[in-house]
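Structure below is protein.pdb: PDB, C-alpha atoms, pLDDT in the B column.
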```pdb
ATOM      1  CA  MET A   1     -50.375 128.746-255.225  1.00 62.00           C
ATOM      2  CA  HIS A   2     -52.946 128.896-252.443  1.00 67.00           C
ATOM      3  CA  ASP A   3     -51.671 127.670-249.054  1.00 70.00           C
ATOM      4  CA  SER A   4     -54.380 125.011-248.638  1.00 72.00           C
ATOM      5  CA  ASN A   5     -53.610 123.672-252.142  1.00 77.00           C
ATOM      6  CA  LYS A   6     -49.964 123.343-251.137  1.00 79.00           C
ATOM      7  CA  GLN A   7     -51.021 121.423-248.046  1.00 82.00           C
ATOM      8  CA  TYR A   8     -52.977 118.963-250.218  1.00 86.00           C
ATOM      9  CA  ILE A   9     -49.820 118.385-252.264  1.00 89.00           C
ATOM     10  CA  PHE A  10     -47.798 117.753-249.094  1.00 89.00           C
ATOM     11  CA  LEU A  11     -50.563 115.469-247.809  1.00 90.00           C
ATOM     12  CA  VAL A  12     -50.285 113.397-251.001  1.00 92.00           C
ATOM     13  CA  CYS A  13     -46.473 113.356-250.557  1.00 93.00           C
ATOM     14  CA  ARG A  14     -46.888 112.149-246.961  1.00 93.00           C
ATOM     15  CA  LEU A  15     -49.285 109.375-247.982  1.00 94.00           C
ATOM     16  CA  LEU A  16     -47.013 108.371-250.876  1.00 95.00           C
ATOM     17  CA  ILE A  17     -43.898 108.044-248.690  1.00 95.00           C
ATOM     18  CA  GLY A  18     -45.934 106.330-245.949  1.00 96.00           C
ATOM     19  CA  GLY A  19     -47.433 103.820-248.378  1.00 96.00           C
ATOM     20  CA  ILE A  20     -44.079 103.021-249.995  1.00 95.00           C
ATOM     21  CA  PHE A  21     -42.385 102.503-246.623  1.00 96.00           C
ATOM     22  CA  VAL A  22     -45.184 100.261-245.322  1.00 96.00           C
ATOM     23  CA  TRP A  23     -44.993  98.215-248.535  1.00 95.00           C
ATOM     24  CA  ALA A  24     -41.175  97.987-248.420  1.00 94.00           C
ATOM     25  CA  GLY A  25     -41.207  97.144-244.704  1.00 95.00           C
ATOM     26  CA  VAL A  26     -43.858  94.424-245.024  1.00 95.00           C
ATOM     27  CA  GLU A  27     -42.065  92.839-248.025  1.00 92.00           C
ATOM     28  CA  LYS A  28     -38.884  92.601-245.931  1.00 93.00           C
ATOM     29  CA  ILE A  29     -40.710  91.382-242.811  1.00 94.00           C
ATOM     30  CA  LEU A  30     -42.221  88.547-244.874  1.00 92.00           C
ATOM     31  CA  ALA A  31     -38.855  87.570-246.379  1.00 90.00           C
ATOM     32  CA  PRO A  32     -36.167  88.151-243.720  1.00 90.00           C
ATOM     33  CA  PHE A  33     -33.688  85.697-245.257  1.00 90.00           C
ATOM     34  CA  ALA A  34     -33.914  87.314-248.712  1.00 89.00           C
ATOM     35  CA  PHE A  35     -33.294  90.695-247.074  1.00 91.00           C
ATOM     36  CA  SER A  36     -30.305  89.250-245.162  1.00 91.00           C
ATOM     37  CA  VAL A  37     -28.869  88.054-248.492  1.00 90.00           C
ATOM     38  CA  ALA A  38     -29.382  91.545-249.960  1.00 90.00           C
ATOM     39  CA  ILE A  39     -27.532  93.134-247.009  1.00 92.00           C
ATOM     40  CA  TYR A  40     -24.736  90.540-247.310  1.00 91.00           C
ATOM     41  CA  ASN A  41     -24.332  91.261-251.042  1.00 89.00           C
ATOM     42  CA  TYR A  42     -23.475  94.910-250.373  1.00 89.00           C
ATOM     43  CA  GLY A  43     -20.400  93.670-248.484  1.00 88.00           C
ATOM     44  CA  PHE A  44     -20.310  96.659-246.128  1.00 87.00           C
ATOM     45  CA  PHE A  45     -21.780  95.004-243.048  1.00 87.00           C
ATOM     46  CA  PRO A  46     -19.957  92.688-240.629  1.00 88.00           C
ATOM     47  CA  GLY A  47     -21.434  89.172-240.773  1.00 85.00           C
ATOM     48  CA  GLN A  48     -22.676  89.189-237.202  1.00 87.00           C
ATOM     49  CA  LEU A  49     -24.702  92.381-237.667  1.00 90.00           C
ATOM     50  CA  ILE A  50     -26.546  91.246-240.814  1.00 92.00           C
ATOM     51  CA  GLY A  51     -29.243  89.428-238.818  1.00 92.00           C
ATOM     52  CA  LEU A  52     -29.713  92.387-236.481  1.00 93.00           C
ATOM     53  CA  ALA A  53     -30.154  94.815-239.380  1.00 93.00           C
ATOM     54  CA  ALA A  54     -32.477  92.390-241.223  1.00 93.00           C
ATOM     55  CA  ALA A  55     -34.570  91.968-238.058  1.00 94.00           C
ATOM     56  CA  ILE A  56     -34.954  95.591-237.003  1.00 95.00           C
ATOM     57  CA  LEU A  57     -34.810  97.749-240.146  1.00 95.00           C
ATOM     58  CA  PRO A  58     -38.033  96.443-241.789  1.00 96.00           C
ATOM     59  CA  TRP A  59     -40.025  97.071-238.608  1.00 96.00           C
ATOM     60  CA  VAL A  60     -38.677 100.599-238.256  1.00 97.00           C
ATOM     61  CA  GLU A  61     -39.579 101.226-241.924  1.00 96.00           C
ATOM     62  CA  ALA A  62     -43.087  99.796-241.556  1.00 97.00           C
ATOM     63  CA  ILE A  63     -43.839 101.699-238.327  1.00 96.00           C
ATOM     64  CA  ALA A  64     -42.487 104.984-239.749  1.00 96.00           C
ATOM     65  CA  GLY A  65     -44.651 104.398-242.831  1.00 96.00           C
ATOM     66  CA  LEU A  66     -47.737 103.695-240.737  1.00 96.00           C
ATOM     67  CA  CYS A  67     -47.116 106.888-238.732  1.00 94.00           C
ATOM     68  CA  LEU A  68     -46.924 108.887-241.973  1.00 94.00           C
ATOM     69  CA  LEU A  69     -50.119 107.303-243.308  1.00 94.00           C
ATOM     70  CA  ALA A  70     -51.975 108.039-240.071  1.00 92.00           C
ATOM     71  CA  GLY A  71     -50.382 111.442-239.504  1.00 89.00           C
ATOM     72  CA  LEU A  72     -49.089 110.402-236.108  1.00 88.00           C
ATOM     73  CA  ASN A  73     -45.619 111.685-235.092  1.00 89.00           C
ATOM     74  CA  THR A  74     -45.363 112.830-238.701  1.00 91.00           C
ATOM     75  CA  LYS A  75     -42.161 114.839-238.369  1.00 92.00           C
ATOM     76  CA  GLY A  76     -40.365 112.135-236.391  1.00 93.00           C
ATOM     77  CA  ALA A  77     -41.369 109.534-238.975  1.00 95.00           C
ATOM     78  CA  ALA A  78     -40.317 111.846-241.831  1.00 95.00           C
ATOM     79  CA  ILE A  79     -36.861 112.259-240.239  1.00 95.00           C
ATOM     80  CA  ILE A  80     -36.484 108.471-240.135  1.00 96.00           C
ATOM     81  CA  THR A  81     -37.607 107.976-243.747  1.00 96.00           C
ATOM     82  CA  SER A  82     -35.303 110.807-244.904  1.00 96.00           C
ATOM     83  CA  VAL A  83     -32.261 109.420-243.072  1.00 96.00           C
ATOM     84  CA  LEU A  84     -32.974 105.886-244.336  1.00 95.00           C
ATOM     85  CA  LEU A  85     -33.405 107.101-247.927  1.00 96.00           C
ATOM     86  CA  LEU A  86     -30.165 109.096-247.665  1.00 96.00           C
ATOM     87  CA  LEU A  87     -28.439 105.937-246.448  1.00 94.00           C
ATOM     88  CA  PHE A  88     -29.953 103.831-249.263  1.00 93.00           C
ATOM     89  CA  VAL A  89     -28.986 106.372-251.947  1.00 94.00           C
ATOM     90  CA  GLY A  90     -25.416 106.476-250.581  1.00 94.00           C
ATOM     91  CA  LEU A  91     -25.150 102.663-250.472  1.00 92.00           C
ATOM     92  CA  ILE A  92     -26.551 102.264-253.990  1.00 92.00           C
ATOM     93  CA  ILE A  93     -24.226 104.957-255.399  1.00 93.00           C
ATOM     94  CA  ILE A  94     -21.157 103.292-253.809  1.00 93.00           C
ATOM     95  CA  SER A  95     -22.284  99.854-255.046  1.00 92.00           C
ATOM     96  CA  ALA A  96     -22.872 101.176-258.558  1.00 90.00           C
ATOM     97  CA  LEU A  97     -19.452 102.865-258.558  1.00 91.00           C
ATOM     98  CA  LEU A  98     -17.846  99.597-257.428  1.00 91.00           C
ATOM     99  CA  GLY A  99     -19.592  97.874-260.343  1.00 88.00           C
ATOM    100  CA  LEU A 100     -21.588  95.478-258.136  1.00 87.00           C
ATOM    101  CA  ASN A 101     -24.385  93.745-260.053  1.00 86.00           C
ATOM    102  CA  ILE A 102     -26.668  93.068-257.075  1.00 87.00           C
ATOM    103  CA  ASP A 103     -30.278  93.506-256.012  1.00 86.00           C
ATOM    104  CA  CYS A 104     -30.783  96.708-254.040  1.00 86.00           C
ATOM    105  CA  GLY A 105     -32.939  94.884-251.468  1.00 85.00           C
ATOM    106  CA  CYS A 106     -35.309  97.853-251.316  1.00 84.00           C
ATOM    107  CA  PHE A 107     -38.388  95.616-251.362  1.00 81.00           C
ATOM    108  CA  GLY A 108     -37.181  92.373-249.765  1.00 71.00           C
ATOM    109  CA  GLY A 109     -37.303  89.555-252.294  1.00 66.00           C
ATOM    110  CA  VAL A 110     -38.412  91.765-255.225  1.00 72.00           C
ATOM    111  CA  GLU A 111     -35.633  91.920-257.861  1.00 78.00           C
ATOM    112  CA  ARG A 112     -34.391  95.460-258.450  1.00 81.00           C
ATOM    113  CA  LYS A 113     -30.761  95.871-259.537  1.00 85.00           C
ATOM    114  CA  VAL A 114     -28.619  98.763-258.294  1.00 88.00           C
ATOM    115  CA  GLY A 115     -28.035 101.363-260.985  1.00 87.00           C
ATOM    116  CA  LEU A 116     -29.015 104.769-262.238  1.00 91.00           C
ATOM    117  CA  GLN A 117     -32.744 103.987-262.137  1.00 91.00           C
ATOM    118  CA  THR A 118     -32.721 102.965-258.453  1.00 92.00           C
ATOM    119  CA  ILE A 119     -30.533 105.959-257.565  1.00 93.00           C
ATOM    120  CA  ALA A 120     -32.943 108.338-259.335  1.00 94.00           C
ATOM    121  CA  GLU A 121     -36.026 106.745-257.747  1.00 93.00           C
ATOM    122  CA  ASP A 122     -34.582 106.803-254.222  1.00 93.00           C
ATOM    123  CA  ALA A 123     -33.277 110.365-254.678  1.00 95.00           C
ATOM    124  CA  ALA A 124     -36.756 111.497-255.796  1.00 96.00           C
ATOM    125  CA  LEU A 125     -38.286 109.801-252.749  1.00 95.00           C
ATOM    126  CA  LEU A 126     -35.674 111.501-250.549  1.00 96.00           C
ATOM    127  CA  ILE A 127     -36.704 114.930-251.886  1.00 96.00           C
ATOM    128  CA  VAL A 128     -40.385 114.141-251.242  1.00 95.00           C
ATOM    129  CA  SER A 129     -39.585 112.889-247.732  1.00 95.00           C
ATOM    130  CA  VAL A 130     -37.577 116.018-246.875  1.00 95.00           C
ATOM    131  CA  ALA A 131     -40.453 118.172-248.213  1.00 93.00           C
ATOM    132  CA  VAL A 132     -42.832 116.330-245.870  1.00 92.00           C
ATOM    133  CA  LEU A 133     -40.418 116.887-242.977  1.00 92.00           C
ATOM    134  CA  LEU A 134     -40.107 120.615-243.632  1.00 91.00           C
ATOM    135  CA  PHE A 135     -43.501 121.718-244.926  1.00 87.00           C
ATOM    136  CA  GLU A 136     -46.272 119.221-244.181  1.00 81.00           C
ATOM    137  CA  LYS A 137     -48.959 120.633-241.837  1.00 80.00           C
ATOM    138  CA  SER A 138     -52.034 118.805-243.049  1.00 73.00           C
ATOM    139  CA  PRO A 139     -55.109 118.893-240.799  1.00 72.00           C
ATOM    140  CA  LEU A 140     -55.901 115.343-241.915  1.00 76.00           C
ATOM    141  CA  SER A 141     -53.997 113.454-239.224  1.00 79.00           C
ATOM    142  CA  VAL A 142     -54.587 111.550-236.006  1.00 78.00           C
ATOM    143  CA  HIS A 143     -52.457 114.122-234.177  1.00 73.00           C
ATOM    144  CA  VAL A 144     -54.666 117.053-235.213  1.00 75.00           C
ATOM    145  CA  LEU A 145     -57.898 115.118-234.612  1.00 77.00           C
ATOM    146  CA  TYR A 146     -56.704 114.231-231.106  1.00 75.00           C
ATOM    147  CA  ARG A 147     -55.843 117.886-230.452  1.00 74.00           C
ATOM    148  CA  ARG A 148     -59.343 118.916-231.588  1.00 76.00           C
ATOM    149  CA  ILE A 149     -61.057 116.322-229.410  1.00 78.00           C
ATOM    150  CA  LEU A 150     -58.907 117.016-226.349  1.00 74.00           C
ATOM    151  CA  PRO A 151     -57.661 120.608-226.692  1.00 69.00           C
ATOM    152  CA  GLY A 152     -54.634 121.478-224.584  1.00 61.00           C
ATOM    153  CA  ARG A 153     -53.430 117.876-224.284  1.00 57.00           C
ATOM    154  CA  ILE A 154     -50.844 118.192-227.071  1.00 53.00           C
ATOM    155  CA  GLU A 155     -48.809 121.372-227.254  1.00 51.00           C
ATOM    156  CA  LYS A 156     -48.066 122.623-230.749  1.00 47.00           C
TER     157      LYS A 156
ATOM    158  CA  MET B 157     -36.530 126.738-239.753  1.00 63.00           C
ATOM    159  CA  PHE B 158     -37.519 124.790-236.637  1.00 70.00           C
ATOM    160  CA  HIS B 159     -37.499 126.089-233.074  1.00 77.00           C
ATOM    161  CA  ARG B 160     -35.126 124.318-230.662  1.00 79.00           C
ATOM    162  CA  THR B 161     -37.954 122.726-228.637  1.00 81.00           C
ATOM    163  CA  THR B 162     -39.586 121.567-231.879  1.00 83.00           C
ATOM    164  CA  VAL B 163     -36.344 119.902-232.959  1.00 87.00           C
ATOM    165  CA  SER B 164     -36.096 118.159-229.608  1.00 90.00           C
ATOM    166  CA  ARG B 165     -39.754 116.987-229.900  1.00 89.00           C
ATOM    167  CA  ILE B 166     -39.184 115.681-233.429  1.00 90.00           C
ATOM    168  CA  LEU B 167     -36.061 113.794-232.329  1.00 92.00           C
ATOM    169  CA  LYS B 168     -37.990 112.289-229.416  1.00 93.00           C
ATOM    170  CA  GLU B 169     -40.749 111.184-231.800  1.00 90.00           C
ATOM    171  CA  SER B 170     -38.260 109.510-234.118  1.00 94.00           C
ATOM    172  CA  LEU B 171     -36.539 107.837-231.159  1.00 96.00           C
ATOM    173  CA  VAL B 172     -39.886 106.361-230.045  1.00 95.00           C
ATOM    174  CA  ILE B 173     -40.513 104.953-233.549  1.00 95.00           C
ATOM    175  CA  MET B 174     -37.018 103.435-233.702  1.00 95.00           C
ATOM    176  CA  LEU B 175     -37.365 101.975-230.218  1.00 96.00           C
ATOM    177  CA  VAL B 176     -40.743 100.366-230.989  1.00 96.00           C
ATOM    178  CA  GLY B 177     -39.315  98.982-234.264  1.00 95.00           C
ATOM    179  CA  ALA B 178     -36.207  97.652-232.516  1.00 95.00           C
ATOM    180  CA  VAL B 179     -38.203  95.968-229.727  1.00 96.00           C
ATOM    181  CA  LEU B 180     -40.766  94.419-232.091  1.00 95.00           C
ATOM    182  CA  GLY B 181     -38.240  93.375-234.728  1.00 94.00           C
ATOM    183  CA  GLY B 182     -35.744  92.127-232.162  1.00 94.00           C
ATOM    184  CA  PHE B 183     -38.360  90.051-230.337  1.00 94.00           C
ATOM    185  CA  LEU B 184     -40.080  88.584-233.399  1.00 94.00           C
ATOM    186  CA  ASN B 185     -36.817  87.813-235.210  1.00 92.00           C
ATOM    187  CA  ARG B 186     -34.746  86.692-232.233  1.00 92.00           C
ATOM    188  CA  GLY B 187     -33.936  83.420-234.035  1.00 91.00           C
ATOM    189  CA  LEU B 188     -32.505  85.323-236.994  1.00 91.00           C
ATOM    190  CA  ILE B 189     -30.401  87.535-234.711  1.00 91.00           C
ATOM    191  CA  ARG B 190     -29.127  84.498-232.777  1.00 91.00           C
ATOM    192  CA  SER B 191     -28.198  82.622-235.947  1.00 91.00           C
ATOM    193  CA  SER B 192     -26.432  85.736-237.212  1.00 90.00           C
ATOM    194  CA  MET B 193     -24.422  86.080-233.994  1.00 90.00           C
ATOM    195  CA  ASN B 194     -23.176  82.469-234.099  1.00 90.00           C
ATOM    196  CA  GLY B 195     -22.305  82.592-237.796  1.00 88.00           C
ATOM    197  CA  GLU B 196     -25.033  80.160-238.910  1.00 89.00           C
ATOM    198  CA  LEU B 197     -26.792  82.793-241.036  1.00 90.00           C
ATOM    199  CA  LEU B 198     -23.594  83.638-242.888  1.00 89.00           C
ATOM    200  CA  THR B 199     -23.049  79.934-243.697  1.00 90.00           C
ATOM    201  CA  ARG B 200     -26.628  79.621-245.003  1.00 89.00           C
ATOM    202  CA  ILE B 201     -26.245  82.756-247.147  1.00 89.00           C
ATOM    203  CA  GLU B 202     -22.959  81.464-248.615  1.00 88.00           C
ATOM    204  CA  GLN B 203     -24.563  78.071-249.348  1.00 87.00           C
ATOM    205  CA  LYS B 204     -27.429  79.838-251.111  1.00 83.00           C
ATOM    206  CA  GLN B 205     -25.023  81.976-253.146  1.00 82.00           C
ATOM    207  CA  THR B 206     -23.168  78.832-254.269  1.00 83.00           C
ATOM    208  CA  SER B 207     -26.343  76.976-255.244  1.00 79.00           C
ATOM    209  CA  ASP B 208     -27.715  80.086-257.019  1.00 76.00           C
ATOM    210  CA  PHE B 209     -24.464  80.377-258.952  1.00 71.00           C
ATOM    211  CA  GLU B 210     -24.561  76.707-259.951  1.00 71.00           C
ATOM    212  CA  ASN B 211     -28.181  76.993-261.047  1.00 71.00           C
ATOM    213  CA  LYS B 212     -27.436  80.131-263.046  1.00 69.00           C
ATOM    214  CA  VAL B 213     -24.339  78.778-264.766  1.00 66.00           C
ATOM    215  CA  LEU B 214     -25.377  75.143-265.237  1.00 64.00           C
ATOM    216  CA  GLY B 215     -29.144  75.390-265.431  1.00 61.00           C
ATOM    217  CA  GLU B 216     -32.017  74.888-263.039  1.00 55.00           C
ATOM    218  CA  GLY B 217     -32.016  71.543-261.230  1.00 53.00           C
ATOM    219  CA  TYR B 218     -28.387  70.757-262.037  1.00 54.00           C
ATOM    220  CA  PRO B 219     -27.156  68.268-259.427  1.00 55.00           C
ATOM    221  CA  GLY B 220     -23.853  70.061-258.866  1.00 54.00           C
ATOM    222  CA  TRP B 221     -20.192  69.083-258.865  1.00 51.00           C
ATOM    223  CA  SER B 222     -18.532  65.685-258.610  1.00 54.00           C
ATOM    224  CA  GLU B 223     -15.872  64.836-256.043  1.00 53.00           C
ATOM    225  CA  THR B 224     -13.194  65.417-258.709  1.00 57.00           C
ATOM    226  CA  GLY B 225     -14.452  68.957-259.226  1.00 53.00           C
ATOM    227  CA  HIS B 226     -16.129  68.345-262.594  1.00 56.00           C
ATOM    228  CA  PRO B 227     -19.774  69.292-263.189  1.00 54.00           C
ATOM    229  CA  VAL B 228     -22.101  66.325-262.976  1.00 57.00           C
ATOM    230  CA  GLU B 229     -24.510  65.859-265.900  1.00 56.00           C
ATOM    231  CA  ALA B 230     -28.178  65.951-264.967  1.00 51.00           C
ATOM    232  CA  SER B 231     -29.851  62.578-265.478  1.00 50.00           C
ATOM    233  CA  ARG B 232     -32.612  62.719-268.096  1.00 45.00           C
TER     234      ARG B 232
END
```

For the file at hand, write its structure as structure tokens.
Amino acid sequence: MHDSNKQYIFLVCRLLIGGIFVWAGVEKILAPFAFSVAIYNYGFFPGQLIGLAAAILPWVEAIAGLCLLAGLNTKGAAIITSVLLLLFVGLIIISALLGLNIDCGCFGGVERKVGLQTIAEDAALLIVSVAVLLFEKSPLSVHVLYRRILPGRIEK
Amino acid sequence: MFHRTTVSRILKESLVIMLVGAVLGGFLNRGLIRSSMNGELLTRIEQKQTSDFENKVLGEGYPGWSETGHPVEASR
């Protein structure tokens, strides 16, 4: 496949992961209590840290997603989305193995039970996110535009 | 695959994103964090779990349990 065609595919992957993370982050930001309940249901977090995780995680997700959509700090954002997805897949697998019938909490208050479907979806997103981290070099990004406008200001 | 300086730049970028998220989320949800630290959030979550369970088992709008521990019939 031609190199520029590949870059279009990775651009679509970047926008897909960015869009999903912005959506997931905003859903959780709008319903912090529902997200706290979802974290509590996993049973892995100490009670005092639930609020901290419910407060910070959605914002990190939303900002990483925005960076991917805009093409700003793309690789840094892709590392965050990959690590978070790895964490989510691990948590969902453990919960499914323990036989917990709970909401995954992936999209705040939206009901989505842990199970094979959520594992497969999150694993697919993880693969796409890692592909963005390793191969995405799209010229359609704020970073590249900035470098074109002010050459020499951002080293490659 | 990545050069050492590139790895360090990528890690710095991700650190900036996490820091901005932590500052924004921590500031805007300071009430949630405070209630979590003093155990209030946990109490609220447990109360919600109990009421959700009662609603699921006994039906929406069920008034709950009597003092003797028996379910109270909903008035029609």

10 Å contacts from chain B to chain A using all atoms listed in the file, as a PDB file with C-alpha atoms, in the coordinates of the input:
```pdb
ATOM      1  CA  MET B 157     -36.530 126.738-239.753  1.00 63.00           C
ATOM      2  CA  PHE B 158     -37.519 124.790-236.637  1.00 70.00           C
ATOM      3  CA  THR B 162     -39.586 121.567-231.879  1.00 83.00           C
ATOM      4  CA  VAL B 163     -36.344 119.902-232.959  1.00 87.00           C
ATOM      5  CA  ARG B 165     -39.754 116.987-229.900  1.00 89.00           C
ATOM      6  CA  ILE B 166     -39.184 115.681-233.429  1.00 90.00           C
ATOM      7  CA  LEU B 167     -36.061 113.794-232.329  1.00 92.00           C
ATOM      8  CA  LYS B 168     -37.990 112.289-229.416  1.00 93.00           C
ATOM      9  CA  GLU B 169     -40.749 111.184-231.800  1.00 90.00           C
ATOM     10  CA  SER B 170     -38.260 109.510-234.118  1.00 94.00           C
ATOM     11  CA  LEU B 171     -36.539 107.837-231.159  1.00 96.00           C
ATOM     12  CA  VAL B 172     -39.886 106.361-230.045  1.00 95.00           C
ATOM     13  CA  ILE B 173     -40.513 104.953-233.549  1.00 95.00           C
ATOM     14  CA  MET B 174     -37.018 103.435-233.702  1.00 95.00           C
ATOM     15  CA  LEU B 175     -37.365 101.975-230.218  1.00 96.00           C
ATOM     16  CA  VAL B 176     -40.743 100.366-230.989  1.00 96.00           C
ATOM     17  CA  GLY B 177     -39.315  98.982-234.264  1.00 95.00           C
ATOM     18  CA  ALA B 178     -36.207  97.652-232.516  1.00 95.00           C
ATOM     19  CA  VAL B 179     -38.203  95.968-229.727  1.00 96.00           C
ATOM     20  CA  LEU B 180     -40.766  94.419-232.091  1.00 95.00           C
ATOM     21  CA  GLY B 181     -38.240  93.375-234.728  1.00 94.00           C
ATOM     22  CA  GLY B 182     -35.744  92.127-232.162  1.00 94.00           C
ATOM     23  CA  PHE B 183     -38.360  90.051-230.337  1.00 94.00           C
ATOM     24  CA  LEU B 184     -40.080  88.584-233.399  1.00 94.00           C
ATOM     25  CA  ASN B 185     -36.817  87.813-235.210  1.00 92.00           C
ATOM     26  CA  ARG B 186     -34.746  86.692-232.233  1.00 92.00           C
ATOM     27  CA  GLY B 187     -33.936  83.420-234.035  1.00 91.00           C
ATOM     28  CA  LEU B 188     -32.505  85.323-236.994  1.00 91.00           C
ATOM     29  CA  ILE B 189     -30.401  87.535-234.711  1.00 91.00           C
ATOM     30  CA  ARG B 190     -29.127  84.498-232.777  1.00 91.00           C
ATOM     31  CA  SER B 191     -28.198  82.622-235.947  1.00 91.00           C
ATOM     32  CA  SER B 192     -26.432  85.736-237.212  1.00 90.00           C
ATOM     33  CA  MET B 193     -24.422  86.080-233.994  1.00 90.00           C
ATOM     34  CA  ASN B 194     -23.176  82.469-234.099  1.00 90.00           C
ATOM     35  CA  GLY B 195     -22.305  82.592-237.796  1.00 88.00           C
ATOM     36  CA  GLU B 196     -25.033  80.160-238.910  1.00 89.00           C
ATOM     37  CA  LEU B 197     -26.792  82.793-241.036  1.00 90.00           C
ATOM     38  CA  LEU B 198     -23.594  83.638-242.888  1.00 89.00           C
ATOM     39  CA  THR B 199     -23.049  79.934-243.697  1.00 90.00           C
ATOM     40  CA  ARG B 200     -26.628  79.621-245.003  1.00 89.00           C
ATOM     41  CA  ILE B 201     -26.245  82.756-247.147  1.00 89.00           C
ATOM     42  CA  GLU B 202     -22.959  81.464-248.615  1.00 88.00           C
ATOM     43  CA  LYS B 204     -27.429  79.838-251.111  1.00 83.00           C
ATOM     44  CA  GLN B 205     -25.023  81.976-253.146  1.00 82.00           C
TER      45      GLN B 205
END
```

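For the pair atom CA of A:Ile17 and atom CA of A:Ile119, the separation is 16.2 Å.
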
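When the PyMOL selection byres ((chain A and resi 125-127) around 8) is evaluated on the file shown here, the picked residues come out as Ile17, Thr81, Ser82, Leu85, Leu86, Glu121, Asp122, Ala123, Ala124, Val128, Ser129, Val130 and Ala131 of chain A.
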
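Distance check against A:Ser95 using all atoms listed in the file: of A:Phe10, A:Tyr146, A:Phe21, A:Tyr42, the minimum falls on A:Tyr42.
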
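Reported to one decimal place, the separation of atom CA of A:Gly71 from atom CA of A:Lys6 is 16.6 Å.
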
Residues within 8 Å of A:Ser138, all atoms listed in the file, excluding chain neighbours under 6 positions, as a VMD selection string:
chain A and resid 7 to 8 10 to 11

Restrict the selected residues to C-alpha atoms and save them as a PDB file, keeping the file's coordinate frame.
```pdb
ATOM      1  CA  GLN A   7     -51.021 121.423-248.046  1.00 82.00           C
ATOM      2  CA  TYR A   8     -52.977 118.963-250.218  1.00 86.00           C
ATOM      3  CA  PHE A  10     -47.798 117.753-249.094  1.00 89.00           C
ATOM      4  CA  LEU A  11     -50.563 115.469-247.809  1.00 90.00           C
TER       5      LEU A  11
END
```

Would you be able to write out as a PyMOL selection string which residues have an atom within 7 Å of (-30.1, 94.9, -255.5) in the file's coordinates, counting all atoms listed in the file?
chain A and resi 38+102-105+111-114

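Atom pair atom CA of A:Gly19 / atom CA of A:Asp3: separated by 24.2 Å.
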